[in-house]
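Down below is the structure, laid out as structure tokens.
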Amino acid sequence: MKLEDLKKIREKAAKDIELRQKNARIKIVVGMGTSGIAAGAREVLKALLDEIAARNLTDVMVTQTGEKGLASHEPMIEVHEEGKDVVIYGNIDAEKARRIVAEHIVNHNPVTEYVIEVK
Amino acid sequence: MMDEICAHIADLVVNSISAGAKHIKVSIEKSNVKNELFVKVSDDGKGMDESTLKHVIDPFFSTKTGRKVGLGIPLLKGTAETCGGSFNIKSIQGKGTDIMASFQLSHPDLPPLGNVKDTILVLSISNPEVDFFFDIKNDIMSFTFNTKEIKTLLDGLPINSPEVIKFLKNYLDEHLDFFN
């Protein structure tokens with residue numbers, strides 16, 4: 001397996017690159033401060049990336065941020081969707097993160113039991 | 001708390017990003033011959049002045065309030081020193097910061113290294129605007145992972161696209177098999 005193979009992926013995706021950049025429908029932000037990392041934010045981020053890759057969700061972007069100031073709720077993730085309120089989930093683990101992708105991101109039903117704030 | 005060396009590395013990288021770094025180099029070297037685990041994170045962020053540096057190493061050093069500095073660095077320093085290793089930090093304002101920690105590989109208190117592959121993947125993909133250079137070595141093999149090179153090959157296709165994530169995951173699985 002060589003990095004050069006990325007060129008093939010690039011060529012295959014060439015047609016819809018512009019479209020994708022315009023249409024990032026959902027942004028997921030993972031809190032990665034010291035407390036978030038200690039509480040398992042990396043595992044959450046990894047689970048999100050795995051799900052996005054496995055489901056081929058080309059309109060979802062995952063990024064990270066520093067401390068969110070709510071250390072007792074770490075790991076936290078925020079779901080930003082155009083034209084909708086930001087949904088903040090707390091005390092997330094890898095399993096819950098997978099569920100959020102399936103139910104909220106794919107099927108548009110926020111997983112209310114994990115929500116700690118909507119703004 | 002930080003029960004894995006990789007958690008410390010992720011924490012240092014997040015600090016670097018908060019300091020505005022655009023280029024971050026992470027080295028991990030595991031040597032059975034030298035009985036040493038060595039970790040270094042270098043960045044081109046805004047750096048720290050002397051008083052901030054002292055505060056970062058010993059958060060109770062300064063009485064000034066309002067500084068947002070966590071406990072990650074003192075914890076790493078403590079772990080390194082407990083494990084028969086050393087800790088060093090160099091920072092130049094406007095240039096960047098280098099943090100180095102070493103540990104005796106055989107020390108009973110050494111926390112597990114953690115998953116190096118996942119740490120590289122997660123940091124590289126969730127910070128697409130930062131160029132990462134990872135340098136991973138043991139006594140017999142070495143591996144480098146340069147996200148700038150990857151982004152050049154991708155020529156505009158975001159590094160956090162599903163097919164790229166999938167590719168990089170497999171690529172790291174294959175090439176870092178020697179390390180964990």
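Labels used: A, B, ... for chains in the order of the structure tokens, numbers from 1 for residues in each chain, and numbers from 1 for ligands as shown.
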Practice item. Specify as a PyMOL selection string all residues of chain A found within 10 Å of chain B, counting only C-alpha atoms. Key: chain A and resi 1-11+13-14+16-18+20-21+28-30+32-67
Point to revise | DSSP strand (DSSP E or B) residues within segment 16-174 of chain B, as a ChimeraX atom specification | key: /B:23-31,36-43,87-92,96-104,131-137,142-146
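Interatomic distance, atom CA of Asp109 of chain B to atom CA of Phe60 of chain B: 25.0 Å.
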Exercise for review: Would you kindly return, as a PyMOL selection string, each protein, DNA or RNA residue with an atom no farther than 6 Å from any atom of segment 39-42 of chain B, considering only C-alpha atoms and excluding same-chain residues fewer than 5 positions away?
Suggested key: chain B and resi 24-28+97-101
How would the residues just picked look written out with N, CA and C atoms as a PDB file, in the first residue's frame?
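Saved to selection_14.pdb:
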```
ATOM      1  N   ILE B  24       3.395  20.757  13.031  1.00  0.00           N
ATOM      2  CA  ILE B  24       3.662  20.063  14.289  1.00  0.00           C
ATOM      3  C   ILE B  24       4.402  18.770  13.974  1.00  0.00           C
ATOM      4  N   LYS B  25       5.520  18.575  14.683  1.00  0.00           N
ATOM      5  CA  LYS B  25       6.267  17.334  14.488  1.00  0.00           C
ATOM      6  C   LYS B  25       6.185  16.499  15.759  1.00  0.00           C
ATOM      7  N   VAL B  26       5.823  15.238  15.584  1.00  0.00           N
ATOM      8  CA  VAL B  26       5.706  14.332  16.729  1.00  0.00           C
ATOM      9  C   VAL B  26       6.669  13.170  16.514  1.00  0.00           C
ATOM     10  N   SER B  27       7.575  12.963  17.458  1.00  0.00           N
ATOM     11  CA  SER B  27       8.481  11.808  17.370  1.00  0.00           C
ATOM     12  C   SER B  27       8.204  10.864  18.525  1.00  0.00           C
ATOM     13  N   ILE B  28       8.169   9.587  18.212  1.00  0.00           N
ATOM     14  CA  ILE B  28       8.051   8.561  19.253  1.00  0.00           C
ATOM     15  C   ILE B  28       9.120   7.516  18.962  1.00  0.00           C
ATOM     16  N   THR B  97       7.500  25.899  20.257  1.00  0.00           N
ATOM     17  CA  THR B  97       7.786  25.186  21.498  1.00  0.00           C
ATOM     18  C   THR B  97       8.186  23.745  21.183  1.00  0.00           C
ATOM     19  N   ASP B  98       9.199  23.260  21.900  1.00  0.00           N
ATOM     20  CA  ASP B  98       9.601  21.843  21.825  1.00  0.00           C
ATOM     21  C   ASP B  98       9.407  21.236  23.200  1.00  0.00           C
ATOM     22  N   ILE B  99       8.748  20.112  23.256  1.00  0.00           N
ATOM     23  CA  ILE B  99       8.601  19.406  24.523  1.00  0.00           C
ATOM     24  C   ILE B  99       9.110  17.985  24.355  1.00  0.00           C
ATOM     25  N   MET B 100      10.001  17.588  25.264  1.00  0.00           N
ATOM     26  CA  MET B 100      10.570  16.240  25.186  1.00  0.00           C
ATOM     27  C   MET B 100      10.368  15.520  26.506  1.00  0.00           C
ATOM     28  N   ALA B 101      10.039  14.241  26.416  1.00  0.00           N
ATOM     29  CA  ALA B 101       9.942  13.443  27.638  1.00  0.00           C
ATOM     30  C   ALA B 101      10.511  12.069  27.340  1.00  0.00           C
TER      31      ALA B 101
END
```
Exercise for review: Report as a VMD selection string: the residues of segment 40-169 of chain B with a DSSP assignment of helix (DSSP H, G or I), based on the backbone of this structure.
Suggested key: chain B and resid 50 to 57 72 to 82 116 to 126 147 to 154 162 to 169
Same residues, N, CA and C atoms, saved as a short mmCIF file (atom, residue, chain, number, x, y, z; two decimals), in the first residue's frame:
```cif
data_model
loop_
_atom_site.label_atom_id
_atom_site.label_comp_id
_atom_site.auth_asym_id
_atom_site.auth_seq_id
_atom_site.Cartn_x
_atom_site.Cartn_y
_atom_site.Cartn_z
N GLU B 50 9.16 33.54 29.55
CA GLU B 50 9.73 32.78 30.66
C GLU B 50 8.73 32.53 31.79
N SER B 51 7.98 33.58 32.11
CA SER B 51 7.07 33.44 33.24
C SER B 51 5.93 32.46 32.92
N THR B 52 5.43 32.51 31.69
CA THR B 52 4.39 31.55 31.29
C THR B 52 4.94 30.13 31.31
N LEU B 53 6.18 30.00 30.85
CA LEU B 53 6.83 28.70 30.80
C LEU B 53 6.91 28.08 32.20
N LYS B 54 7.32 28.91 33.16
CA LYS B 54 7.41 28.43 34.55
C LYS B 54 6.03 28.02 35.05
N HIS B 55 5.06 28.80 34.67
CA HIS B 55 3.69 28.54 35.11
C HIS B 55 3.16 27.22 34.52
N VAL B 56 3.55 26.96 33.26
CA VAL B 56 3.11 25.75 32.59
C VAL B 56 3.69 24.51 33.26
N ILE B 57 4.96 24.62 33.68
CA ILE B 57 5.61 23.48 34.30
C ILE B 57 5.09 23.29 35.73
N GLY B 72 -1.93 19.20 32.01
CA GLY B 72 -1.36 18.16 31.16
C GLY B 72 0.16 18.08 31.24
N ILE B 73 0.83 19.23 31.18
CA ILE B 73 2.29 19.22 31.16
C ILE B 73 2.89 18.79 32.51
N PRO B 74 2.43 19.35 33.64
CA PRO B 74 2.95 18.84 34.92
C PRO B 74 2.71 17.33 35.10
N LEU B 75 1.60 16.83 34.60
CA LEU B 75 1.34 15.39 34.71
C LEU B 75 2.35 14.59 33.90
N LEU B 76 2.64 15.08 32.69
CA LEU B 76 3.61 14.39 31.84
C LEU B 76 5.00 14.43 32.48
N LYS B 77 5.36 15.59 32.99
CA LYS B 77 6.67 15.74 33.65
C LYS B 77 6.76 14.77 34.83
N GLY B 78 5.69 14.72 35.61
CA GLY B 78 5.66 13.83 36.77
C GLY B 78 5.82 12.38 36.37
N THR B 79 5.11 11.98 35.31
CA THR B 79 5.19 10.58 34.85
C THR B 79 6.61 10.27 34.38
N ALA B 80 7.19 11.18 33.60
CA ALA B 80 8.55 10.95 33.08
C ALA B 80 9.54 10.79 34.24
N GLU B 81 9.43 11.67 35.21
CA GLU B 81 10.39 11.62 36.32
C GLU B 81 10.17 10.40 37.21
N THR B 82 8.91 10.04 37.40
CA THR B 82 8.61 8.82 38.17
C THR B 82 9.20 7.59 37.48
N VAL B 116 -0.96 4.08 18.90
CA VAL B 116 -0.26 5.10 18.11
C VAL B 116 -0.97 5.35 16.78
N LYS B 117 -1.42 4.27 16.15
CA LYS B 117 -2.10 4.40 14.85
C LYS B 117 -3.33 5.30 14.95
N ASP B 118 -4.18 5.01 15.92
CA ASP B 118 -5.41 5.79 16.07
C ASP B 118 -5.10 7.24 16.42
N THR B 119 -4.08 7.44 17.23
CA THR B 119 -3.72 8.81 17.61
C THR B 119 -3.27 9.61 16.39
N ILE B 120 -2.45 9.00 15.55
CA ILE B 120 -1.99 9.68 14.33
C ILE B 120 -3.19 10.00 13.43
N LEU B 121 -4.06 9.01 13.26
CA LEU B 121 -5.21 9.18 12.36
C LEU B 121 -6.14 10.28 12.85
N VAL B 122 -6.47 10.20 14.13
CA VAL B 122 -7.43 11.13 14.72
C VAL B 122 -6.90 12.58 14.66
N LEU B 123 -5.63 12.76 15.02
CA LEU B 123 -5.07 14.12 15.02
C LEU B 123 -4.96 14.66 13.60
N SER B 124 -4.50 13.84 12.66
CA SER B 124 -4.29 14.31 11.29
C SER B 124 -5.60 14.70 10.62
N ILE B 125 -6.63 13.90 10.87
CA ILE B 125 -7.88 14.11 10.14
C ILE B 125 -8.74 15.19 10.76
N SER B 126 -8.67 15.31 12.08
CA SER B 126 -9.55 16.31 12.70
C SER B 126 -8.92 17.70 12.75
N THR B 147 1.57 14.73 6.69
CA THR B 147 0.24 15.06 6.15
C THR B 147 0.32 16.13 5.05
N LYS B 148 1.42 16.88 5.03
CA LYS B 148 1.58 17.86 3.95
C LYS B 148 1.72 17.13 2.61
N GLU B 149 2.52 16.07 2.65
CA GLU B 149 2.70 15.26 1.44
C GLU B 149 1.36 14.65 1.01
N ILE B 150 0.62 14.17 2.01
CA ILE B 150 -0.68 13.56 1.72
C ILE B 150 -1.62 14.59 1.09
N LYS B 151 -1.64 15.79 1.66
CA LYS B 151 -2.54 16.82 1.13
C LYS B 151 -2.15 17.24 -0.28
N THR B 152 -0.83 17.22 -0.55
CA THR B 152 -0.39 17.54 -1.92
C THR B 152 -0.91 16.48 -2.89
N LEU B 153 -0.79 15.21 -2.48
CA LEU B 153 -1.28 14.13 -3.35
C LEU B 153 -2.79 14.23 -3.54
N LEU B 154 -3.48 14.67 -2.51
CA LEU B 154 -4.94 14.75 -2.58
C LEU B 154 -5.42 15.93 -3.42
N PRO B 162 -14.52 10.62 3.51
CA PRO B 162 -14.66 9.22 3.95
C PRO B 162 -13.66 8.27 3.31
N GLU B 163 -13.46 8.37 1.99
CA GLU B 163 -12.58 7.40 1.33
C GLU B 163 -11.13 7.61 1.73
N VAL B 164 -10.78 8.86 2.06
CA VAL B 164 -9.39 9.13 2.49
C VAL B 164 -9.17 8.58 3.91
N ILE B 165 -10.17 8.79 4.78
CA ILE B 165 -10.08 8.25 6.15
C ILE B 165 -9.86 6.74 6.07
N LYS B 166 -10.68 6.09 5.25
CA LYS B 166 -10.60 4.64 5.12
C LYS B 166 -9.21 4.22 4.62
N PHE B 167 -8.73 4.92 3.61
CA PHE B 167 -7.41 4.60 3.06
C PHE B 167 -6.32 4.78 4.12
N LEU B 168 -6.34 5.92 4.79
CA LEU B 168 -5.26 6.20 5.75
C LEU B 168 -5.29 5.22 6.92
N LYS B 169 -6.48 4.82 7.32
CA LYS B 169 -6.61 3.84 8.40
C LYS B 169 -5.91 2.54 7.99
#
```
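Separating atom CA of His104 of chain A from atom CA of Val79 of chain A is a distance of 8.9 Å.
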**Study point:** Selection near Lys34 of chain B, 9 Å with only C-alpha atoms, sequence-local residues under 5 positions removed, as a ChimeraX atom specification
**Key:** /B:104-105,139
Those same residues - N, CA and C atoms - I'd like them written as a PDB file, in the first residue's frame.
```pdb
ATOM      1  N   GLN B 104      11.935   5.236  31.276  1.00  0.00           N
ATOM      2  CA  GLN B 104      12.563   3.910  31.212  1.00  0.00           C
ATOM      3  C   GLN B 104      11.504   2.917  30.764  1.00  0.00           C
ATOM      4  N   LEU B 105      11.825   2.215  29.675  1.00  0.00           N
ATOM      5  CA  LEU B 105      10.849   1.306  29.079  1.00  0.00           C
ATOM      6  C   LEU B 105      10.434   0.198  30.041  1.00  0.00           C
ATOM      7  N   ASP B 139      14.004  -0.062  17.526  1.00  0.00           N
ATOM      8  CA  ASP B 139      15.410  -0.372  17.267  1.00  0.00           C
ATOM      9  C   ASP B 139      15.667  -0.837  15.836  1.00  0.00           C
TER      10      ASP B 139
END
```
Practice item. Within 9 Å of Ile5 of chain B, counting only C-alpha atoms, which residues show up once you throw out same-chain ones fewer than 6 positions away? Write them as JSON, numbers by chain, please. Key: {"B": [39, 76, 110, 111, 112, 113, 114]}
Review point. What gap, in Å, lies between atom CA of Ile92 of chain B and atom CA of Pro59 of chain B?
Key: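 The value is 19.3 Å.
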Practice item. Determine, counting only C-alpha atoms, which protein, DNA and RNA residues have an atom within 9 Å of an atom of His73 of chain A; residues of the same chain fewer than 4 positions away are not included. Present the result as number ranges by chain. Key: A: 36, 89-92, 116
Residues from the last selection, C-alpha atoms, saved as a PDB file, in the first residue's frame:
```pdb
ATOM      1  CA  GLY A  36     -11.646  15.437  27.270  1.00  0.00           C
ATOM      2  CA  TYR A  89     -23.959  15.851  23.649  1.00  0.00           C
ATOM      3  CA  GLY A  90     -22.129  15.043  26.888  1.00  0.00           C
ATOM      4  CA  ASN A  91     -20.485  12.035  28.537  1.00  0.00           C
ATOM      5  CA  ILE A  92     -20.061  10.358  25.172  1.00  0.00           C
ATOM      6  CA  ILE A 116     -26.935  18.265  27.534  1.00  0.00           C
TER       7      ILE A 116
END
```
